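Next up, protein.cif (mmCIF, C-alpha atoms):
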data_structure
loop_
_atom_site.label_atom_id
_atom_site.label_comp_id
_atom_site.auth_asym_id
_atom_site.auth_seq_id
_atom_site.Cartn_x
_atom_site.Cartn_y
_atom_site.Cartn_z
CA MET A 12 32.14 19.75 5.25
CA SER A 13 30.28 23.05 4.72
CA GLU A 14 26.96 21.37 5.51
CA PHE A 15 28.22 20.67 9.05
CA LYS A 16 29.66 24.12 9.81
CA ASN A 17 26.75 25.16 12.06
CA LEU A 18 26.72 22.02 14.19
CA PRO A 19 26.44 22.30 17.98
CA SER A 20 29.94 22.51 19.48
CA GLU A 21 29.70 19.16 21.29
CA TRP A 22 28.77 17.26 18.13
CA LYS A 23 31.33 15.42 15.99
CA VAL A 24 31.58 14.70 12.27
CA MET A 25 32.59 11.11 11.60
CA ARG A 26 32.76 8.56 8.80
CA LEU A 27 30.09 5.90 9.05
CA GLU A 28 32.59 3.05 9.13
CA LYS A 29 33.74 4.42 12.51
CA VAL A 30 30.19 4.83 13.83
CA ALA A 31 28.16 1.79 12.71
CA PRO A 32 29.86 -0.36 10.05
CA LEU A 33 27.89 -2.81 7.94
CA GLN A 34 28.61 -6.41 7.02
CA ARG A 35 26.96 -8.81 4.61
CA GLY A 36 24.56 -11.31 6.21
CA TYR A 37 24.81 -15.10 6.22
CA ASP A 38 23.53 -17.68 3.75
CA LEU A 39 20.45 -19.57 4.88
CA PRO A 40 18.60 -21.53 2.18
CA THR A 41 14.89 -21.81 2.78
CA ASP A 42 15.12 -25.61 2.98
CA ASN A 43 17.60 -25.30 5.86
CA ILE A 44 15.36 -23.17 8.04
CA LYS A 45 14.12 -24.94 11.16
CA GLU A 46 11.20 -23.29 12.87
CA GLY A 47 12.39 -21.43 15.95
CA LEU A 48 12.31 -18.17 17.92
CA TYR A 49 14.96 -16.13 16.13
CA PRO A 50 13.90 -13.75 13.33
CA VAL A 51 15.56 -14.14 9.95
CA VAL A 52 15.95 -10.63 8.53
CA TYR A 53 15.93 -10.39 4.74
CA SER A 54 16.37 -7.31 2.57
CA ASN A 55 12.68 -6.47 2.96
CA GLY A 56 12.31 -7.34 6.64
CA ILE A 57 11.56 -10.28 8.91
CA LEU A 58 10.03 -13.10 6.86
CA ARG A 59 10.84 -16.28 8.81
CA PHE A 60 12.01 -17.55 12.19
CA HIS A 61 14.89 -20.00 12.72
CA ASN A 62 16.16 -22.08 15.67
CA GLU A 63 19.61 -20.43 15.51
CA PHE A 64 20.91 -16.87 15.47
CA LYS A 65 24.05 -15.24 14.11
CA ALA A 66 23.91 -11.79 15.69
CA LYS A 67 23.15 -10.52 19.18
CA ALA A 68 20.42 -7.98 19.85
CA PRO A 69 19.77 -5.17 19.37
CA GLY A 70 20.21 -5.12 15.62
CA VAL A 71 20.01 -2.67 12.74
CA ILE A 72 19.67 -4.29 9.32
CA THR A 73 19.09 -3.01 5.79
CA GLY A 74 18.75 -4.53 2.33
CA ARG A 75 21.86 -5.45 0.34
CA SER A 76 20.14 -6.81 -2.78
CA GLY A 77 16.57 -6.81 -4.03
CA THR A 78 14.83 -4.38 -1.70
CA ILE A 79 17.08 -1.38 -1.04
CA GLY A 80 16.44 1.35 1.50
CA LYS A 81 14.31 -0.41 4.12
CA VAL A 82 15.92 -0.36 7.58
CA VAL A 83 14.84 -2.80 10.29
CA TYR A 84 15.39 -2.64 14.05
CA VAL A 85 15.22 -5.88 16.07
CA GLU A 86 15.24 -6.27 19.82
CA GLU A 87 16.05 -9.99 19.97
CA ASP A 88 18.95 -12.10 18.74
CA TYR A 89 18.57 -12.65 15.01
CA TRP A 90 19.92 -14.10 11.77
CA PRO A 91 20.85 -11.45 9.18
CA HIS A 92 20.21 -13.06 5.78
CA ASN A 93 22.75 -12.80 2.99
CA THR A 94 20.41 -10.41 1.14
CA SER A 95 20.97 -7.92 3.95
CA LEU A 96 23.67 -5.80 5.58
CA TRP A 97 23.82 -5.58 9.38
CA VAL A 98 25.58 -3.31 11.84
CA THR A 99 28.43 -5.26 13.42
CA ASN A 100 29.59 -2.66 15.95
CA PHE A 101 27.77 0.32 17.44
CA TYR A 102 30.98 1.72 19.03
CA ASP A 103 29.05 2.66 22.18
CA ASN A 104 26.51 4.68 20.21
CA ASN A 105 22.80 4.26 20.91
CA PRO A 106 21.50 1.47 18.61
CA LYS A 107 18.05 3.03 18.17
CA PHE A 108 19.69 6.33 17.23
CA ILE A 109 21.77 4.46 14.64
CA TYR A 110 18.55 2.96 13.27
CA TYR A 111 17.04 6.40 12.69
CA MET A 112 20.33 7.71 11.35
CA TYR A 113 20.34 4.99 8.66
CA ILE A 114 16.70 5.71 7.78
CA ASN A 115 17.54 9.38 7.38
CA LEU A 116 20.42 8.55 5.00
CA ASN A 117 17.92 7.34 2.36
CA LEU A 118 20.01 4.32 1.39
CA ALA A 119 17.97 3.66 -1.76
CA ARG A 120 19.93 6.43 -3.49
CA PHE A 121 23.09 4.30 -3.24
CA SER A 122 21.63 1.31 -5.10
CA ALA A 123 23.48 0.21 -8.23
CA GLY A 124 22.96 -2.19 -11.10
CA SER A 125 20.46 -2.34 -13.95
CA GLY A 126 18.98 -5.70 -12.91
CA VAL A 127 18.52 -6.53 -9.25
CA PRO A 128 19.32 -3.40 -7.18
CA THR A 129 22.33 -3.83 -4.90
CA LEU A 130 23.88 -1.77 -2.12
CA ASN A 131 27.66 -1.49 -1.77
CA ARG A 132 28.59 -1.08 1.90
CA ASN A 133 31.80 0.73 0.94
CA ASP A 134 29.73 3.56 -0.53
CA ILE A 135 27.90 3.83 2.79
CA HIS A 136 31.03 3.62 4.93
CA ALA A 137 32.52 6.59 3.08
CA GLN A 138 29.66 8.87 4.16
CA THR A 139 30.24 11.40 6.93
CA ILE A 140 27.52 12.11 9.46
CA PRO A 141 27.01 14.54 12.34
CA LEU A 142 27.09 12.64 15.65
CA PRO A 143 25.68 14.05 18.89
CA PRO A 144 26.83 12.92 22.36
CA LEU A 145 25.33 9.69 23.70
CA ASP A 146 22.80 11.32 26.03
CA GLU A 147 21.40 13.39 23.16
CA GLN A 148 21.37 10.32 20.92
CA LYS A 149 19.18 8.57 23.48
CA LYS A 150 16.80 11.52 23.71
CA ILE A 151 16.50 11.80 19.91
CA ALA A 152 15.74 8.07 19.71
CA GLU A 153 13.07 8.42 22.43
CA ILE A 154 11.37 11.29 20.61
CA LEU A 155 11.31 9.53 17.24
CA SER A 156 10.18 6.29 18.89
CA THR A 157 7.16 8.17 20.24
CA TRP A 158 6.23 9.14 16.68
CA ASP A 159 6.71 5.53 15.57
CA GLU A 160 4.38 4.33 18.32
CA ALA A 161 1.70 6.78 17.15
CA ILE A 162 2.21 5.66 13.52
CA ASN A 163 1.97 1.97 14.42
CA LEU A 164 -1.10 2.58 16.56
CA ASN A 165 -2.74 4.32 13.62
CA ILE A 166 -1.77 1.49 11.22
CA ASN A 167 -3.30 -1.09 13.58
CA LEU A 168 -6.46 0.98 13.92
CA ILE A 169 -6.81 1.19 10.13
CA GLU A 170 -6.36 -2.57 9.75
CA ASN A 171 -8.92 -3.25 12.48
CA LYS A 172 -11.40 -0.90 10.81
CA LYS A 173 -10.86 -2.61 7.46
CA ARG A 174 -11.40 -6.06 8.95
CA PHE A 175 -14.54 -4.98 10.76
CA LYS A 176 -15.90 -3.29 7.62
CA LYS A 177 -15.17 -6.37 5.52
CA ALA A 178 -17.01 -8.65 7.94
CA LEU A 179 -19.92 -6.24 8.25
CA MET A 180 -20.12 -5.84 4.46
CA GLN A 181 -20.32 -9.60 3.93
CA ASN A 182 -23.09 -9.89 6.52
CA LEU A 183 -25.09 -6.92 5.22
CA LEU A 184 -24.84 -8.00 1.58
CA THR A 185 -26.11 -11.52 2.37
CA ALA A 186 -28.94 -10.42 4.73
CA LYS A 187 -27.30 -12.17 7.70
CA ILE A 188 -27.55 -8.81 9.42
CA ARG A 189 -30.51 -6.56 8.64
CA PHE A 190 -31.75 -3.22 9.90
CA PRO A 191 -34.93 -3.71 11.98
CA GLU A 192 -37.02 -1.30 9.89
CA PHE A 193 -36.74 -3.51 6.79
CA LYS A 194 -38.76 -6.71 6.44
CA ASP A 195 -39.17 -7.15 2.66
CA GLU A 196 -37.88 -10.32 1.07
CA TRP A 197 -34.80 -9.97 -1.11
CA LYS A 198 -35.08 -10.80 -4.81
CA GLU A 199 -32.46 -12.48 -6.97
CA THR A 200 -31.67 -10.97 -10.35
CA LYS A 201 -28.90 -10.81 -12.93
CA LEU A 202 -26.48 -7.92 -13.19
CA LYS A 203 -27.53 -7.10 -16.77
CA ASP A 204 -31.17 -6.76 -15.67
CA ILE A 205 -30.42 -3.87 -13.32
CA CYS A 206 -28.15 -1.95 -15.70
CA VAL A 207 -28.87 0.46 -18.53
CA LYS A 208 -25.70 -0.49 -20.35
CA MET A 209 -22.79 -2.90 -19.93
CA ARG A 210 -19.98 -2.77 -22.45
CA SER A 211 -16.20 -3.07 -22.58
CA GLY A 212 -13.97 -0.17 -23.57
CA GLY A 213 -11.33 0.04 -26.27
CA THR A 214 -7.92 1.46 -27.08
CA PRO A 215 -6.95 3.88 -29.87
CA LYS A 216 -5.85 1.77 -32.84
CA SER A 217 -2.48 3.46 -33.03
CA THR A 218 0.12 4.91 -30.68
CA ASN A 219 0.06 8.01 -32.87
CA LYS A 220 0.66 11.06 -30.68
CA LYS A 221 -2.34 12.84 -32.16
CA PHE A 222 -4.56 10.29 -30.36
CA TYR A 223 -3.08 11.10 -26.95
CA ASN A 224 -2.40 14.15 -24.77
CA GLY A 225 -5.97 15.28 -25.22
CA ASN A 226 -8.64 16.22 -22.67
CA ILE A 227 -10.61 12.98 -22.32
CA PRO A 228 -9.64 10.98 -19.17
CA PHE A 229 -8.68 7.41 -20.10
CA VAL A 230 -8.78 4.57 -17.53
CA LYS A 231 -6.12 1.86 -17.83
CA ILE A 232 -5.71 -1.30 -15.73
CA ASN A 233 -3.28 0.36 -13.29
CA ASN A 234 -6.01 2.82 -12.25
CA MET A 235 -7.87 -0.19 -10.89
CA THR A 236 -5.06 -2.19 -9.32
CA LEU A 237 -3.91 0.86 -7.34
CA GLY A 238 -7.24 0.63 -5.57
CA GLY A 239 -9.55 3.41 -4.54
CA LYS A 240 -13.28 3.69 -4.51
CA TYR A 241 -13.48 6.68 -6.82
CA ILE A 242 -11.83 7.79 -10.05
CA TYR A 243 -11.53 11.57 -10.11
CA ASP A 244 -8.79 11.87 -12.72
CA THR A 245 -6.39 9.81 -14.82
CA GLN A 246 -2.78 10.21 -15.91
CA VAL A 247 -3.57 9.28 -19.51
CA LYS A 248 -5.74 11.57 -21.63
CA ILE A 249 -6.85 10.89 -25.20
CA THR A 250 -8.14 13.19 -27.91
CA GLU A 251 -11.56 13.12 -29.56
CA GLU A 252 -9.81 11.75 -32.65
CA GLY A 253 -8.27 9.00 -30.52
CA LEU A 254 -11.73 8.14 -29.16
CA GLU A 255 -13.17 7.99 -32.68
CA ASN A 256 -10.38 5.66 -33.80
CA SER A 257 -11.09 3.09 -31.10
CA SER A 258 -13.93 0.99 -29.79
CA ALA A 259 -13.89 3.01 -26.58
CA TRP A 260 -16.87 5.13 -25.59
CA LEU A 261 -17.57 7.89 -23.13
CA VAL A 262 -18.84 6.36 -19.94
CA PRO A 263 -21.12 8.77 -18.04
CA LYS A 264 -20.02 9.83 -14.57
CA ASN A 265 -21.35 7.87 -11.60
CA SER A 266 -21.03 4.58 -13.44
CA LEU A 267 -18.87 1.59 -12.47
CA ILE A 268 -15.57 0.58 -14.06
CA TYR A 269 -14.82 -3.14 -13.62
CA SER A 270 -11.51 -4.80 -14.52
CA MET A 271 -11.81 -7.89 -16.72
CA TYR A 272 -8.26 -8.99 -17.63
CA ALA A 273 -5.16 -9.96 -15.61
CA SER A 274 -6.02 -8.12 -12.38
CA PHE A 275 -9.71 -8.96 -12.60
CA GLY A 276 -12.48 -8.06 -10.22
CA PHE A 277 -11.36 -4.56 -9.18
CA VAL A 278 -14.13 -1.97 -9.26
CA SER A 279 -14.31 1.81 -8.97
CA ILE A 280 -16.93 4.53 -9.35
CA ASN A 281 -16.01 7.11 -11.97
CA LYS A 282 -16.90 10.57 -10.68
CA ILE A 283 -16.07 12.04 -14.07
CA GLU A 284 -16.89 11.12 -17.66
CA VAL A 285 -14.18 8.73 -18.87
CA ALA A 286 -13.16 6.40 -21.68
CA THR A 287 -11.59 3.04 -20.82
CA SER A 288 -9.36 0.36 -22.28
CA GLN A 289 -10.78 -2.94 -23.53
CA ALA A 290 -9.65 -4.53 -20.25
CA MET A 291 -12.61 -2.84 -18.54
CA MET A 292 -16.30 -3.53 -18.36
CA CYS A 293 -18.20 -0.25 -18.12
CA ILE A 294 -21.39 -0.64 -16.09
CA VAL A 295 -24.12 2.02 -16.19
CA PRO A 296 -26.64 1.03 -13.49
CA ASN A 297 -30.39 1.63 -13.65
CA LEU A 298 -30.72 3.81 -10.57
CA SER A 299 -34.44 3.09 -10.28
CA LYS A 300 -33.52 -0.54 -9.53
CA VAL A 301 -30.15 -0.41 -7.78
CA ALA A 302 -28.26 2.15 -5.71
CA LEU A 303 -24.88 2.98 -7.26
CA GLU A 304 -22.88 2.59 -4.06
CA TYR A 305 -24.68 -0.63 -3.12
CA LEU A 306 -23.72 -2.16 -6.47
CA TYR A 307 -20.14 -0.99 -5.94
CA TYR A 308 -19.95 -2.76 -2.59
CA PHE A 309 -21.51 -5.92 -4.02
CA LEU A 310 -18.91 -6.12 -6.81
CA ASP A 311 -16.10 -5.20 -4.42
CA ASP A 312 -17.08 -8.01 -2.03
CA PHE A 313 -17.73 -10.39 -4.94
CA GLN A 314 -14.06 -10.15 -5.96
CA LYS A 315 -13.24 -12.99 -3.54
CA ASP A 316 -15.52 -15.34 -5.55
CA VAL A 317 -14.84 -14.13 -9.06
CA ARG A 318 -11.82 -16.38 -9.69
CA SER A 319 -14.15 -19.32 -10.26
CA PHE A 320 -15.54 -17.50 -13.31
CA VAL A 321 -12.18 -16.86 -14.96
CA GLU A 322 -11.74 -18.65 -18.26
CA THR A 323 -9.34 -21.58 -18.14
CA GLY A 324 -6.40 -21.45 -20.50
CA THR A 325 -6.14 -17.66 -20.25
CA GLN A 326 -3.90 -15.39 -18.18
CA GLY A 327 -6.85 -14.46 -16.03
CA ASN A 328 -9.65 -13.08 -18.18
CA LEU A 329 -13.33 -12.67 -17.44
CA ASN A 330 -15.85 -13.28 -20.20
CA ALA A 331 -18.20 -10.33 -20.67
CA GLU A 332 -21.28 -12.56 -20.84
CA ILE A 333 -20.37 -14.19 -17.55
CA VAL A 334 -20.12 -10.78 -15.87
CA LYS A 335 -23.45 -9.71 -17.33
CA ASN A 336 -25.05 -12.82 -15.85
CA PHE A 337 -23.61 -12.43 -12.33
CA LYS A 338 -26.43 -13.21 -9.89
CA ILE A 339 -27.17 -10.64 -7.22
CA LYS A 340 -29.71 -10.65 -4.40
CA LEU A 341 -31.29 -7.24 -3.94
CA PRO A 342 -33.27 -5.74 -1.08
CA ASN A 343 -35.58 -2.83 -1.84
CA LEU A 344 -33.96 0.44 -2.89
CA LYS A 345 -34.22 2.09 0.54
CA GLU A 346 -32.49 -0.83 2.25
CA GLN A 347 -29.79 -0.77 -0.43
CA GLN A 348 -29.20 2.90 0.28
CA LYS A 349 -29.08 2.29 4.04
CA ILE A 350 -26.48 -0.48 3.62
CA ALA A 351 -24.42 1.74 1.32
CA GLU A 352 -24.58 4.64 3.81
CA VAL A 353 -23.24 2.50 6.65
CA LEU A 354 -20.37 1.09 4.56
CA THR A 355 -19.56 4.53 3.15
CA ALA A 356 -19.28 5.87 6.71
CA PHE A 357 -16.66 3.20 7.41
CA ASP A 358 -14.79 4.16 4.24
CA ASP A 359 -14.83 7.80 5.33
CA GLU A 360 -13.39 6.87 8.73
CA ILE A 361 -10.66 4.79 7.11
CA ASN A 362 -9.80 7.63 4.71
CA LEU A 363 -9.49 10.06 7.63
CA LEU A 364 -7.22 7.64 9.47
CA ASN A 365 -5.08 7.23 6.35
CA LEU A 366 -4.81 11.01 6.08
CA LYS A 367 -3.77 11.19 9.74
CA LEU A 368 -1.21 8.43 9.12
CA GLU A 369 0.35 10.33 6.21
CA ASN A 370 0.53 13.48 8.33
CA LEU A 371 2.23 11.59 11.17
CA LYS A 372 4.79 10.17 8.73
CA LYS A 373 5.51 13.63 7.31
CA GLN A 374 5.85 15.10 10.81
CA LYS A 375 8.25 12.36 11.82
CA GLN A 376 10.31 12.76 8.65
CA GLY A 377 10.65 16.51 9.11
CA LEU A 378 11.45 16.20 12.80
CA MET A 379 13.98 13.44 12.17
CA GLN A 380 15.87 15.55 9.65
CA LYS A 381 16.03 18.48 12.06
CA LEU A 382 17.01 16.42 15.11
CA LEU A 383 19.72 14.48 13.27
CA SER A 384 21.23 17.64 11.81
CA GLY A 385 21.31 19.55 15.10
CA LYS A 386 18.93 22.23 13.79
CA VAL A 387 16.50 21.26 16.56
CA ARG A 388 18.03 20.18 19.85
CA ALA A 389 16.66 17.43 22.10
CA LYS A 390 16.86 18.73 25.66
#
Encoded form (structure tokens):
Amino acid sequence: MSEFKNLPSEWKVMRLEKVAPLQRGYDLPTDNIKEGLYPVVYSNGILRFHNEFKAKAPGVITGRSGTIGKVVYVEEDYWPHNTSLWVTNFYDNNPKFIYYMYINLNLARFSAGSGVPTLNRNDIHAQTIPLPPLDEQKKIAEILSTWDEAINLNINLIENKKRFKKALMQNLLTAKIRFPEFKDEWKETKLKDICVKMRSGGTPKSTNKKFYNGNIPFVKINNMTLGGKYIYDTQVKITEEGLENSSAWLVPKNSLIYSMYASFGFVSINKIEVATSQAMMCIVPNLSKVALEYLYYFLDDFQKDVRSFVETGTQGNLNAEIVKNFKIKLPNLKEQQKIAEVLTAFDDEINLLNLKLENLKKQKQGLMQKLLSGKVRAK
């Protein structure tokens, strides 16, 4: 109880089972769902809507198995799925406050089991929490809801920017939209004809430690699937000896790294000299023929069409010769640069919005911890 010794005098310390107890949700096989108005809340959120409900609004629900730690608030009658736990009684506490209280508990730390993570409600019920009076609960919920509104607004703005950029990119890269100062006809060529070098990477022939923990950045498939326009660093580093004992090579900075296997079609610009695994095609463009960023955007947009080139009978592999013979329509170099500048400006805006979003989330998290512990009072 020492952590609660400096609580405001009007606050109480109570076990969670007396504040907002949880109960397992109800079975509802997918085949039994009939399209309706009532949200079905699974462990990872609202996924479907049914024509019946099991619980009255408002509701606070969290994952029981599978996804652990996500907390959902619903404002309409709902069906808590059997993969979830739902609050059965708020005991006259403010439901939105209870929602934030459960978020602040970090329920993922209570997950158990080596296979599918599960959450035991008895472990949660045994927790003690500081509980402010109802009027302060309402005020805390209002404050944190304001932060959530700002976060959601920012998320929507980012998604809108991404959609607009995607549509603009497709139009600019196919000459459906052109800048008025450019009139030249576009020319079709093959990818290999505008590159100095195109070659896959390689992996050290042994897991021997002397080949790793060196100073040479090494790009693996997860660097690509995590997304991102640029590669500035990598978690894996290999030694010069490791490089010599593989078919990998040092790809000069400001080249393109293109994924060929499994998660194919992802592309990034390496801002540093790197080596790569054999799952990558390393593309060194001829900058007198093609602008680096323009080629990046072409390959990024081309990902939607690349599946048709994947070899049948494989787990999703691209043949190197097919990639080398990708057809690309090119405007003159100045128009390429202009297109790349416009799309880069959109990327910069989106990056700034993502940075703002992360800051808002951190602010909310810090404020939530202080408000729910009584260290900062809501007046």
Next item on the list: Could you tell me how far atom CA of A:Ser122 lies from atom CA of A:Ser76, in Å and to one decimal?
Entry: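 According to the coordinates, atom CA of A:Ser122 and atom CA of A:Ser76 are separated by 8.6 Å.
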Next item on the list: Just give me the gap between atom CA of A:Phe60 and atom CA of A:Leu33 in Å, one decimal is fine.
Entry: 22.1 Å
Notebook entry, point to check: So which residues get picked by the PyMOL selection byres ((chain A and resi 103) around 12) here, written as a ChimeraX atom specification?
Noted result: /A:29-31,99-102,104-109,144-146,148-149
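Minimum distance to A:Asn330 across A:Thr214, A:Ser270, A:Asn171, A:Asn224 (counting all atoms listed in the file) occurs at A:Ser270.
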Next item on the list: Check what the PyMOL selection byres ((chain A and resi 75) around 9) selects in the file above and give those residues as a list in words.
Entry: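 In the shown coordinates, the PyMOL selection byres ((chain A and resi 75) around 9) covers Arg35, Gly36, Tyr53, Ser54, Thr73, Gly74, Ser76, Gly77, Thr78, Ile79, Gly80, Asn93, Thr94, Ser95, Leu96, Ser122, Pro128, Thr129, Leu130, Asn131 and Arg132 of chain A.
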Could you turn the residues from that selection into a file that holds C-alpha atoms, as an mmCIF file, keeping the file's coordinate frame?
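Final output, result.cif:
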data_model
loop_
_atom_site.group_PDB
_atom_site.id
_atom_site.type_symbol
_atom_site.label_atom_id
_atom_site.label_comp_id
_atom_site.auth_asym_id
_atom_site.auth_seq_id
_atom_site.Cartn_x
_atom_site.Cartn_y
_atom_site.Cartn_z
ATOM 1 C CA ARG A 35 26.960 -8.810 4.610
ATOM 2 C CA GLY A 36 24.560 -11.310 6.210
ATOM 3 C CA TYR A 53 15.930 -10.390 4.740
ATOM 4 C CA SER A 54 16.370 -7.310 2.570
ATOM 5 C CA THR A 73 19.090 -3.010 5.790
ATOM 6 C CA GLY A 74 18.750 -4.530 2.330
ATOM 7 C CA SER A 76 20.140 -6.810 -2.780
ATOM 8 C CA GLY A 77 16.570 -6.810 -4.030
ATOM 9 C CA THR A 78 14.830 -4.380 -1.700
ATOM 10 C CA ILE A 79 17.080 -1.380 -1.040
ATOM 11 C CA GLY A 80 16.440 1.350 1.500
ATOM 12 C CA ASN A 93 22.750 -12.800 2.990
ATOM 13 C CA THR A 94 20.410 -10.410 1.140
ATOM 14 C CA SER A 95 20.970 -7.920 3.950
ATOM 15 C CA LEU A 96 23.670 -5.800 5.580
ATOM 16 C CA SER A 122 21.630 1.310 -5.100
ATOM 17 C CA PRO A 128 19.320 -3.400 -7.180
ATOM 18 C CA THR A 129 22.330 -3.830 -4.900
ATOM 19 C CA LEU A 130 23.880 -1.770 -2.120
ATOM 20 C CA ASN A 131 27.660 -1.490 -1.770
ATOM 21 C CA ARG A 132 28.590 -1.080 1.900
#
Note to self: Could you list, as a list in words, every residue matched by the PyMOL selection byres ((chain A and resi 256) around 9) in this structure?
What the structure shows: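 Applying the expression gives Thr214, Pro215, Lys216, Ser217, Phe222, Glu251, Glu252, Gly253, Leu254, Glu255, Ser257, Ser258 and Ala259 of chain A.
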For C-alpha atoms, I'd like the residues from the last selection saved as a PDB file, in the frame of the given file.
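In the end it all went to part_27.pdb:
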ATOM      1  CA  THR A 214      -7.920   1.460 -27.080  1.00  0.00           C
ATOM      2  CA  PRO A 215      -6.950   3.880 -29.870  1.00  0.00           C
ATOM      3  CA  LYS A 216      -5.850   1.770 -32.840  1.00  0.00           C
ATOM      4  CA  SER A 217      -2.480   3.460 -33.030  1.00  0.00           C
ATOM      5  CA  PHE A 222      -4.560  10.290 -30.360  1.00  0.00           C
ATOM      6  CA  GLU A 251     -11.560  13.120 -29.560  1.00  0.00           C
ATOM      7  CA  GLU A 252      -9.810  11.750 -32.650  1.00  0.00           C
ATOM      8  CA  GLY A 253      -8.270   9.000 -30.520  1.00  0.00           C
ATOM      9  CA  LEU A 254     -11.730   8.140 -29.160  1.00  0.00           C
ATOM     10  CA  GLU A 255     -13.170   7.990 -32.680  1.00  0.00           C
ATOM     11  CA  SER A 257     -11.090   3.090 -31.100  1.00  0.00           C
ATOM     12  CA  SER A 258     -13.930   0.990 -29.790  1.00  0.00           C
ATOM     13  CA  ALA A 259     -13.890   3.010 -26.580  1.00  0.00           C
TER      14      ALA A 259
END
Take the point (12.3, -19.3, 14.6) as written in the file and pick out every residue within 6 Å of it, counting all atoms listed in the file; give the list as a PDB file with C-alpha atoms, keeping the file's coordinate frame.
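The result, written out as selection-v5.pdb:
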ATOM      1  CA  GLU A  46      11.200 -23.290  12.870  1.00  0.00           C
ATOM      2  CA  GLY A  47      12.390 -21.430  15.950  1.00  0.00           C
ATOM      3  CA  LEU A  48      12.310 -18.170  17.920  1.00  0.00           C
ATOM      4  CA  TYR A  49      14.960 -16.130  16.130  1.00  0.00           C
ATOM      5  CA  PRO A  50      13.900 -13.750  13.330  1.00  0.00           C
ATOM      6  CA  PHE A  60      12.010 -17.550  12.190  1.00  0.00           C
ATOM      7  CA  HIS A  61      14.890 -20.000  12.720  1.00  0.00           C
ATOM      8  CA  ASN A  62      16.160 -22.080  15.670  1.00  0.00           C
TER       9      ASN A  62
END
Checklist line | Selection: 12 Å around A:Thr200, all atoms listed in the file, excl. self and same-chain fewer than 2 positions, as a list in words | finding: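 Listed by chain and then number, they are Trp197, Lys198, Leu202, Lys203, Asp204, Ile205, Cys206, Lys300, Val301, Lys335, Asn336, Phe337, Lys338, Ile339, Lys340, Leu341 and Pro342 of chain A.
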